[in-house]
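Student: So here's start.txt (compact mmCIF, C-alpha atoms).
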```
# COMPACT_ATOMS: atom_id res chain seq x y z
CA MET A 1 1.43 -16.82 -14.56
CA ASP A 2 0.31 -17.52 -10.99
CA LEU A 3 2.62 -18.39 -8.11
CA LEU A 4 1.66 -22.06 -8.02
CA GLN A 5 2.65 -22.49 -11.67
CA VAL A 6 5.98 -20.77 -10.99
CA TYR A 7 6.77 -23.42 -8.38
CA LEU A 8 5.57 -26.26 -10.59
CA ASP A 9 7.91 -25.04 -13.36
CA ASN A 10 10.89 -24.84 -10.99
CA PRO A 11 13.17 -27.94 -11.32
CA ARG A 12 14.23 -27.53 -7.68
CA VAL A 13 10.59 -27.96 -6.58
CA THR A 14 9.49 -30.32 -9.36
CA PRO A 15 12.54 -32.40 -10.43
CA ASP A 16 12.51 -33.12 -14.16
CA LEU A 17 9.16 -31.26 -14.18
CA ASP A 18 7.53 -34.55 -13.25
CA PRO A 19 3.99 -33.80 -11.92
CA ASN A 20 4.20 -36.99 -9.83
CA ASN A 21 7.36 -35.81 -8.09
CA VAL A 22 6.50 -32.42 -6.58
CA ASP A 23 7.78 -31.09 -3.26
CA ILE A 24 4.29 -30.41 -1.89
CA ASN A 25 5.57 -29.40 1.56
CA TYR A 26 7.78 -26.68 0.08
CA ILE A 27 4.89 -25.29 -1.98
CA ALA A 28 2.46 -25.36 0.96
CA ASP A 29 4.93 -23.63 3.28
CA SER A 30 5.76 -20.97 0.68
CA LEU A 31 2.14 -20.20 -0.13
CA GLY A 32 1.36 -20.03 3.59
CA VAL A 33 4.07 -17.41 4.06
CA TYR A 34 2.64 -15.29 1.25
CA VAL A 35 -0.90 -15.55 2.61
CA PHE A 36 -0.01 -14.48 6.14
CA ALA A 37 2.36 -11.79 4.93
CA SER A 38 -0.34 -10.29 2.72
CA MET A 39 -2.84 -10.38 5.59
CA TYR A 40 -0.44 -8.45 7.81
CA THR A 41 0.58 -5.82 5.27
CA THR A 42 -2.98 -5.16 4.04
CA SER A 43 -4.45 -4.84 7.53
CA ASN A 44 -1.53 -2.66 8.61
CA ARG A 45 -1.93 -0.28 5.67
CA THR A 46 -5.71 -0.20 6.21
CA ALA A 47 -5.21 0.87 9.82
CA THR A 48 -2.72 3.54 8.78
CA ALA A 49 -5.09 4.93 6.13
CA LEU A 50 -7.90 4.94 8.70
CA TYR A 51 -5.79 7.05 11.05
CA ASP A 52 -4.86 9.37 8.18
CA LEU A 53 -8.60 9.78 7.59
CA ALA A 54 -9.05 10.75 11.25
CA TRP A 55 -6.11 13.18 11.18
CA ARG A 56 -6.72 14.83 7.80
CA LYS A 57 -10.19 16.28 8.38
CA GLU A 58 -9.82 18.76 5.50
CA TYR A 59 -10.33 15.94 2.99
CA VAL A 60 -13.25 14.13 4.61
CA GLN A 61 -16.07 16.11 2.96
CA GLU A 62 -14.83 15.50 -0.59
CA LEU A 63 -14.29 11.82 0.15
CA TYR A 64 -17.76 11.62 1.70
CA GLU A 65 -19.40 13.22 -1.33
CA GLU A 66 -17.62 10.77 -3.64
CA ALA A 67 -18.70 7.83 -1.47
CA GLN A 68 -22.30 9.07 -1.41
CA GLU A 69 -22.43 9.36 -5.20
CA ILE A 70 -21.01 5.87 -5.71
CA ASN A 71 -23.40 4.41 -3.14
CA LYS A 72 -26.30 6.13 -4.89
CA GLN A 73 -25.28 4.80 -8.29
CA CYS A 74 -25.01 1.21 -7.06
CA ASN A 75 -28.25 1.66 -5.07
CA GLY A 76 -26.61 0.41 -1.89
CA ASN A 77 -25.86 -2.97 -3.45
CA GLU A 78 -22.59 -4.88 -3.17
CA LEU A 79 -19.65 -3.00 -4.65
CA THR A 80 -18.35 -4.17 -8.02
CA PRO A 81 -14.90 -3.70 -9.61
CA HIS A 82 -16.45 -0.89 -11.66
CA ASP A 83 -17.48 0.87 -8.43
CA PHE A 84 -13.94 0.56 -7.04
CA ASN A 85 -12.61 2.21 -10.21
CA LYS A 86 -14.87 5.22 -9.54
CA MET A 87 -13.21 5.87 -6.17
CA VAL A 88 -10.57 8.11 -7.69
CA LYS A 89 -10.27 10.55 -4.78
CA LEU A 90 -10.15 7.75 -2.24
CA ASP A 91 -7.57 5.96 -4.39
CA SER A 92 -5.31 9.02 -4.35
CA PHE A 93 -5.83 9.42 -0.59
CA ILE A 94 -4.77 5.81 -0.03
CA LYS A 95 -1.69 6.20 -2.22
CA GLU A 96 -0.66 9.31 -0.30
CA SER A 97 -1.10 7.33 2.92
CA PHE A 98 1.21 4.68 1.46
CA ARG A 99 3.77 7.35 0.58
CA ASN A 100 3.75 8.79 4.09
CA PHE A 101 3.94 5.44 5.88
CA ASP A 102 7.61 6.22 6.45
CA ASP A 103 9.52 3.00 7.00
CA ILE A 104 13.02 4.02 5.94
CA LEU A 105 14.17 0.77 4.35
CA GLY A 106 12.41 -2.18 2.75
CA LEU A 107 12.14 -4.58 -0.19
CA PRO A 108 15.44 -6.43 0.27
CA HIS A 109 17.24 -7.51 -2.90
CA ILE A 110 20.13 -9.96 -3.26
CA CYS A 111 22.95 -9.20 -5.67
CA ILE A 112 23.01 -12.09 -8.16
CA VAL A 113 25.72 -10.97 -10.59
CA LYS A 114 28.83 -13.14 -10.99
CA SER A 115 31.16 -10.98 -8.91
CA ILE A 116 30.46 -7.29 -8.22
CA TYR A 117 27.65 -4.96 -9.27
CA THR A 118 28.59 -1.32 -9.87
CA PHE A 119 25.98 1.43 -9.62
CA LYS A 120 26.03 4.55 -11.79
CA ASN A 121 27.45 6.57 -8.90
CA GLY A 122 30.38 4.16 -8.51
CA TYR A 123 29.20 2.31 -5.42
CA GLN A 124 29.73 -1.45 -5.59
CA ILE A 125 28.21 -4.48 -3.87
CA PRO A 126 29.50 -8.06 -4.12
CA LYS A 127 27.57 -11.11 -5.17
CA GLY A 128 25.28 -12.39 -2.42
CA ARG A 129 25.09 -9.06 -0.60
CA MET A 130 21.63 -7.99 0.62
CA ALA A 131 20.59 -4.46 -0.35
CA PHE A 132 17.50 -2.53 0.77
CA LEU A 133 15.60 0.27 -0.94
CA ASN A 134 15.62 3.67 0.76
CA PHE A 135 11.94 4.65 0.67
CA LEU A 136 12.48 8.15 2.06
CA ASP A 137 14.91 8.94 -0.75
CA THR A 138 12.10 8.70 -3.31
CA HIS A 139 8.95 9.30 -1.27
CA TYR A 140 10.11 12.78 -0.26
CA ASP A 141 12.03 13.80 -3.37
CA GLU A 142 10.60 17.02 -4.82
CA GLY A 143 11.79 16.13 -8.30
CA ILE A 144 9.67 12.98 -8.20
CA GLN A 145 6.74 13.95 -5.98
CA GLY A 146 6.24 17.57 -7.00
CA LYS A 147 5.66 20.60 -4.81
CA ASP A 148 5.88 20.26 -1.00
CA PRO A 149 6.82 16.56 -0.86
CA MET A 150 6.97 16.64 2.96
CA LYS A 151 3.31 17.64 3.10
CA PHE A 152 0.42 15.15 3.10
CA TYR A 153 -1.62 16.16 0.06
CA ALA A 154 -4.39 13.64 -0.54
CA PHE A 155 -5.06 14.44 -4.19
CA ARG A 156 -1.43 14.66 -5.31
CA HIS A 157 -1.73 11.43 -7.31
CA LEU A 158 -5.18 12.20 -8.70
CA GLU A 159 -3.74 15.27 -10.42
CA ARG A 160 -1.04 13.05 -11.95
CA ASN A 161 -3.60 10.37 -12.95
CA ALA A 162 -1.49 7.79 -11.12
CA SER A 163 -3.54 5.13 -9.35
CA ALA A 164 -2.47 3.44 -6.11
CA THR A 165 -1.67 0.23 -7.99
CA LYS A 166 0.45 1.90 -10.69
CA ILE A 167 4.07 0.76 -10.60
CA GLU A 168 6.35 3.78 -10.84
CA ARG A 169 9.35 5.36 -9.18
CA ASN A 170 6.97 7.69 -7.35
CA LEU A 171 6.01 4.84 -5.00
CA THR A 172 8.24 1.82 -4.45
CA ILE A 173 6.46 -0.17 -1.73
CA PHE A 174 5.02 -2.60 -4.30
CA GLY A 175 8.38 -3.18 -5.97
CA ASP A 176 9.08 -2.68 -9.66
CA GLY A 177 9.21 -4.50 -12.97
CA LYS A 178 8.30 -8.16 -13.32
CA HIS A 179 8.78 -8.72 -9.58
CA SER A 180 6.22 -6.09 -8.55
CA CYS A 181 3.56 -7.27 -6.10
CA PRO A 182 0.81 -9.14 -8.02
CA GLY A 183 -1.59 -8.82 -5.06
CA ARG A 184 -1.60 -5.02 -5.02
CA PHE A 185 -4.90 -4.81 -6.92
CA MET A 186 -6.77 -6.92 -4.39
CA ALA A 187 -5.07 -5.20 -1.45
CA VAL A 188 -5.96 -1.68 -2.64
CA ASN A 189 -9.56 -2.70 -3.34
CA GLN A 190 -9.85 -4.23 0.13
CA ILE A 191 -8.63 -0.99 1.69
CA LYS A 192 -11.04 0.98 -0.49
CA MET A 193 -13.94 -1.23 0.59
CA VAL A 194 -13.21 -0.69 4.30
CA LEU A 195 -12.68 3.08 4.06
CA HIS A 196 -15.64 3.58 1.70
CA ASN A 197 -18.03 2.01 4.21
CA VAL A 198 -16.46 3.81 7.16
CA ILE A 199 -16.70 7.19 5.40
CA LEU A 200 -20.36 6.60 4.56
CA LYS A 201 -21.34 5.72 8.12
CA TYR A 202 -18.99 7.47 10.53
CA ASN A 203 -17.11 10.60 11.42
CA VAL A 204 -13.71 9.31 12.51
CA THR A 205 -11.50 11.12 14.99
CA THR A 206 -8.81 10.26 17.53
CA GLU A 207 -8.99 10.83 21.28
CA THR A 208 -6.43 13.65 21.25
CA GLY A 209 -6.89 14.89 17.68
CA LYS A 210 -3.12 15.18 17.36
CA ILE A 211 -0.76 13.38 15.00
CA PRO A 212 1.83 11.59 17.16
CA PRO A 213 5.54 12.22 16.52
CA LYS A 214 7.36 9.66 14.42
CA LYS A 215 9.66 7.31 16.29
CA TYR A 216 11.81 4.62 14.74
CA PHE A 217 12.98 1.17 15.76
CA GLY A 218 16.04 1.04 13.55
CA PRO A 219 14.79 1.64 9.99
CA VAL A 220 11.16 0.77 10.83
CA LEU A 221 8.55 3.31 11.89
CA ASN A 222 7.31 2.58 15.40
CA ARG A 223 4.28 4.85 15.61
CA VAL A 224 2.24 4.77 18.83
CA TYR A 225 -1.38 5.18 17.80
CA ASP A 226 -3.92 7.15 19.80
CA GLY A 227 -7.37 5.72 20.50
CA ILE A 228 -9.72 6.07 17.53
CA VAL A 229 -13.33 7.25 17.86
CA PHE A 230 -16.22 6.37 15.51
CA GLU A 231 -19.21 8.73 15.63
CA ARG A 232 -22.26 7.60 13.68
CA ARG A 233 -23.29 10.10 11.00
CA LYS A 234 -26.80 11.44 11.43
CA ASP A 235 -27.47 10.89 7.73
CA SER A 236 -25.48 7.63 7.48
CA VAL A 237 -26.59 4.80 5.21
CA ASN A 238 -27.41 1.35 6.55
```
Give the structure from the file, written as structure tokens.

Tutor:
Amino acid sequence: MDLLQVYLDNPRVTPDLDPNNVDINYIADSLGVYVFASMYTTSNRTATALYDLAWRKEYVQELYEEAQEINKQCNGNELTPHDFNKMVKLDSFIKESFRNFDDILGLPHICIVKSIYTFKNGYQIPKGRMAFLNFLDTHYDEGIQGKDPMKFYAFRHLERNASATKIERNLTIFGDGKHSCPGRFMAVNQIKMVLHNVILKYNVTTETGKIPPKKYFGPVLNRVYDGIVFERRKDSVN
């Protein structure tokens, strides 16, 4: 079910489900918020993955060879969904970039039980209280991530056969269950498209070649990015 239909089936937006009595302004405003939010998050994650590509030079050759093979198979034509599915190493690299993005808190949830919700560990929150997920608690948990969870390992998820769009406890940025982000498939493919073309054409580095230290503004990562340098490959494709 798409988002528009969800609103049309909501009695608060469409009283008595009458198609001639729809709160069009509410729907337009809500859809606008989703559009601009998705533009920001996708572009932000693309930029982060691009910097990870510049910093993690040990993975570039394997990613380049995969991109070359895919480009050869599609004969330089426009990429298809089937081509995106072949980008398994790049997919794992992107997911590892997601995991290391390092905002501490996110995905706010409101307690909607009648009075108080009690967690398994005994902690309680009252109805109406806002709760946030602790990303670092899962993204760096060795029991969930495997060996060396603090280390950036690009092919960690390839070995587990877990794509960047797969909803699992291993990565919580897309949410979980029926409320998981429906736009994650398009977002991941957009990031793949950008990085695939960059990898084919350029060697990417930063001006200093150093990964900057992580600084936080409250629970949000406030990373200061170095200048990025694109050097045309001698054997790059057009």

Student: Show me, as a PyMOL selection string, the residues that have an atom within 12 Å of Asn161 of chain A when counting only C-alpha atoms, minus same-chain residues fewer than 5 positions from it.

Tutor: chain A and resi 88-89+91-92+95+155-156+166

Student: Would you mind exporting C-alpha atoms of the selected residues as an mmCIF file, keeping the file's coordinate frame?

Tutor:
```
data_model
loop_
_atom_site.group_PDB
_atom_site.id
_atom_site.type_symbol
_atom_site.label_atom_id
_atom_site.label_comp_id
_atom_site.auth_asym_id
_atom_site.auth_seq_id
_atom_site.Cartn_x
_atom_site.Cartn_y
_atom_site.Cartn_z
ATOM 1 C CA VAL A 88 -10.570 8.110 -7.690
ATOM 2 C CA LYS A 89 -10.270 10.550 -4.780
ATOM 3 C CA ASP A 91 -7.570 5.960 -4.390
ATOM 4 C CA SER A 92 -5.310 9.020 -4.350
ATOM 5 C CA LYS A 95 -1.690 6.200 -2.220
ATOM 6 C CA PHE A 155 -5.060 14.440 -4.190
ATOM 7 C CA ARG A 156 -1.430 14.660 -5.310
ATOM 8 C CA LYS A 166 0.450 1.900 -10.690
#
```

Student: If I take atom CA of Phe185 of chain A and atom CA of Tyr153 of chain A, how far is one from the other in Å, to one decimal?

Tutor: 22.3 Å

Student: Could you work out how far atom CA of Phe152 of chain A lies from atom CA of Val224 of chain A, giving the answer in Å with one decimal?

Tutor: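 Atom-to-atom, atom CA of Val224 of chain A to atom CA of Phe152 of chain A, that is 18.9 Å.
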
Student: In Å, how far is it from atom CA of Asp102 of chain A to atom CA of His157 of chain A?

Tutor: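 We find that atom CA of Asp102 of chain A and atom CA of His157 of chain A lie 17.4 Å from each other.
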
Student: Is there a way to get, as a ChimeraX atom specification, all residues within 9 Å of the point (1.6, 3.9, -4.5) in file coordinates, counting all atoms listed in the file?

Tutor: /A:92,94-99,157,162-168,170-174

Student: Using all atoms listed in the file, what residues lie at most 7 Å away from (3.0, -9.3, -0.8) (file coordinates), given as a list in words?

Tutor: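 It turns out the residues near that spot are Tyr34, Ala37, Ser38, Cys181 and Gly183 of chain A.
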
Student: Residues at most 10 Å from Leu133 of chain A, counting only C-alpha atoms, excluding those fewer than 4 positions away in the same chain, as a list in words?

Tutor: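 Near Leu133 of chain A, the qualifying residues are Ile104, Leu105, Gly106, Leu107, Pro108, His109, Asp137, Thr138, Thr172, Ile173 and Gly175 of chain A.
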
Student: For Asn197 of chain A, which of A:Gly122, A:Pro212, A:Gly146, A:Gly76 is the closest residue, counting all atoms listed in the file?

Tutor: A:Gly76

Student: Can you pull out the residues contacting Thr14 of chain A? Cut-off 12 Å, using all atoms listed in the file, and skip same-chain residues under 4 positions away; I want them as a list of chain:residue names.

Tutor: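 Near neighbours after the sequence-gap exclusion: A:Leu4, A:Gln5, A:Val6, A:Tyr7, A:Leu8, A:Asp9, A:Asn10, A:Asp18, A:Pro19, A:Asn20, A:Asn21, A:Val22, A:Asp23, A:Ile24, A:Asn25, A:Tyr26, A:Ile27.
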
Student: Write the residues you've just listed into a file as a PDB file, in the frame of the given file, and include C-alpha atoms for each of them.

Tutor:
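Saved the output as out.pdb:
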```pdb
ATOM      1  CA  LEU A   4       1.660 -22.060  -8.020  1.00  0.00           C
ATOM      2  CA  GLN A   5       2.650 -22.490 -11.670  1.00  0.00           C
ATOM      3  CA  VAL A   6       5.980 -20.770 -10.990  1.00  0.00           C
ATOM      4  CA  TYR A   7       6.770 -23.420  -8.380  1.00  0.00           C
ATOM      5  CA  LEU A   8       5.570 -26.260 -10.590  1.00  0.00           C
ATOM      6  CA  ASP A   9       7.910 -25.040 -13.360  1.00  0.00           C
ATOM      7  CA  ASN A  10      10.890 -24.840 -10.990  1.00  0.00           C
ATOM      8  CA  ASP A  18       7.530 -34.550 -13.250  1.00  0.00           C
ATOM      9  CA  PRO A  19       3.990 -33.800 -11.920  1.00  0.00           C
ATOM     10  CA  ASN A  20       4.200 -36.990  -9.830  1.00  0.00           C
ATOM     11  CA  ASN A  21       7.360 -35.810  -8.090  1.00  0.00           C
ATOM     12  CA  VAL A  22       6.500 -32.420  -6.580  1.00  0.00           C
ATOM     13  CA  ASP A  23       7.780 -31.090  -3.260  1.00  0.00           C
ATOM     14  CA  ILE A  24       4.290 -30.410  -1.890  1.00  0.00           C
ATOM     15  CA  ASN A  25       5.570 -29.400   1.560  1.00  0.00           C
ATOM     16  CA  TYR A  26       7.780 -26.680   0.080  1.00  0.00           C
ATOM     17  CA  ILE A  27       4.890 -25.290  -1.980  1.00  0.00           C
TER      18      ILE A  27
END
```

Student: Which residues, written as an MDAnalysis selection string, have at least one atom at most 7 Å from segment 47-63 of chain A, with all atoms listed in the file counted and residues fewer than 4 positions away on the same chain left out?

Tutor: chainID A and resid 43 67 89:90 94 97 195 204:206 209 211

Student: Using only C-alpha atoms, which of the listed residues (A:Pro149, A:Gly143, A:Asp103, A:Val113) sits closest to Gly218 of chain A?

Tutor: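 Smallest distance to Gly218 of chain A is found for A:Asp103.
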
Student: Kindly indicate which residue among A:Lys210, A:Arg12, A:Arg169, A:Lys201 lies nearest to Gly227 of chain A, using only C-alpha atoms for the distances.

Tutor: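 Comparing A:Lys210, A:Arg12, A:Arg169, A:Lys201 against Gly227 of chain A, the winner is A:Lys210.
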
Student: Determine the nearest neighbour of Glu207 of chain A from the options A:Ser115, A:Pro11, A:Lys127, A:Tyr225, counting all atoms listed in the file.

Tutor: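 Between A:Ser115, A:Pro11, A:Lys127, A:Tyr225, the residue approaching Glu207 of chain A most closely is A:Tyr225.
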
Student: Please fill the gaps in segment 176-187 of chain A so it has all heavy atoms, and write that as a short mmCIF file (atom, residue, chain, number, x, y, z; two decimals), in the frame of the given file.

Tutor:
```cif
data_model
loop_
_atom_site.label_atom_id
_atom_site.label_comp_id
_atom_site.auth_asym_id
_atom_site.auth_seq_id
_atom_site.Cartn_x
_atom_site.Cartn_y
_atom_site.Cartn_z
N ASP A 176 8.99 -3.23 -8.31
CA ASP A 176 9.08 -2.68 -9.66
C ASP A 176 9.29 -3.81 -10.66
O ASP A 176 9.71 -4.92 -10.29
CB ASP A 176 10.24 -1.68 -9.74
CG ASP A 176 10.18 -0.81 -10.98
OD1 ASP A 176 9.15 -0.86 -11.68
OD2 ASP A 176 11.15 -0.09 -11.27
N GLY A 177 8.96 -3.54 -11.90
CA GLY A 177 9.21 -4.50 -12.97
C GLY A 177 8.42 -5.79 -12.82
O GLY A 177 7.35 -5.83 -12.23
N LYS A 178 9.01 -6.88 -13.31
CA LYS A 178 8.30 -8.16 -13.32
C LYS A 178 8.15 -8.74 -11.92
O LYS A 178 7.36 -9.67 -11.72
CB LYS A 178 9.03 -9.16 -14.22
CG LYS A 178 10.42 -9.56 -13.74
CD LYS A 178 11.05 -10.56 -14.70
CE LYS A 178 12.42 -11.02 -14.22
NZ LYS A 178 13.03 -11.98 -15.17
N HIS A 179 8.89 -8.22 -10.95
CA HIS A 179 8.78 -8.72 -9.58
C HIS A 179 7.87 -7.85 -8.72
O HIS A 179 7.84 -8.01 -7.50
CB HIS A 179 10.17 -8.80 -8.94
CG HIS A 179 11.07 -9.79 -9.60
ND1 HIS A 179 10.80 -11.14 -9.61
CD2 HIS A 179 12.22 -9.63 -10.29
CE1 HIS A 179 11.76 -11.78 -10.26
NE2 HIS A 179 12.63 -10.88 -10.70
N SER A 180 7.14 -6.93 -9.32
CA SER A 180 6.22 -6.09 -8.55
C SER A 180 5.10 -6.95 -7.96
O SER A 180 4.75 -8.00 -8.50
CB SER A 180 5.65 -4.98 -9.42
OG SER A 180 4.98 -5.53 -10.55
N CYS A 181 4.55 -6.49 -6.85
CA CYS A 181 3.56 -7.27 -6.10
C CYS A 181 2.32 -7.56 -6.94
O CYS A 181 1.60 -6.63 -7.34
CB CYS A 181 3.17 -6.51 -4.84
SG CYS A 181 1.85 -7.31 -3.91
N PRO A 182 1.99 -8.83 -7.22
CA PRO A 182 0.81 -9.14 -8.02
C PRO A 182 -0.49 -8.98 -7.23
O PRO A 182 -1.56 -8.92 -7.80
CB PRO A 182 1.04 -10.61 -8.43
CG PRO A 182 1.85 -11.17 -7.30
CD PRO A 182 2.75 -10.05 -6.84
N GLY A 183 -0.39 -8.92 -5.89
CA GLY A 183 -1.59 -8.82 -5.06
C GLY A 183 -2.00 -7.40 -4.75
O GLY A 183 -2.93 -7.17 -3.98
N ARG A 184 -1.32 -6.41 -5.36
CA ARG A 184 -1.60 -5.02 -5.02
C ARG A 184 -3.01 -4.59 -5.41
O ARG A 184 -3.61 -3.74 -4.76
CB ARG A 184 -0.56 -4.10 -5.66
CG ARG A 184 -0.55 -4.08 -7.18
CD ARG A 184 0.64 -3.27 -7.72
NE ARG A 184 0.63 -3.13 -9.17
CZ ARG A 184 1.09 -4.03 -10.01
NH1 ARG A 184 1.60 -5.17 -9.56
NH2 ARG A 184 1.05 -3.81 -11.32
N PHE A 185 -3.56 -5.18 -6.48
CA PHE A 185 -4.90 -4.81 -6.92
C PHE A 185 -5.95 -5.23 -5.89
O PHE A 185 -6.83 -4.45 -5.53
CB PHE A 185 -5.20 -5.47 -8.28
CG PHE A 185 -4.20 -5.11 -9.35
CD1 PHE A 185 -3.15 -5.96 -9.65
CD2 PHE A 185 -4.30 -3.91 -10.04
CE1 PHE A 185 -2.23 -5.63 -10.62
CE2 PHE A 185 -3.38 -3.58 -11.02
CZ PHE A 185 -2.34 -4.44 -11.31
N MET A 186 -5.83 -6.45 -5.40
CA MET A 186 -6.77 -6.92 -4.39
C MET A 186 -6.59 -6.15 -3.08
O MET A 186 -7.56 -5.77 -2.43
CB MET A 186 -6.58 -8.42 -4.13
CG MET A 186 -7.61 -8.97 -3.15
SD MET A 186 -7.45 -10.76 -2.85
CE MET A 186 -5.96 -10.80 -1.86
N ALA A 187 -5.33 -5.90 -2.71
CA ALA A 187 -5.07 -5.20 -1.45
C ALA A 187 -5.66 -3.79 -1.47
O ALA A 187 -6.32 -3.37 -0.51
CB ALA A 187 -3.56 -5.13 -1.21
#
```
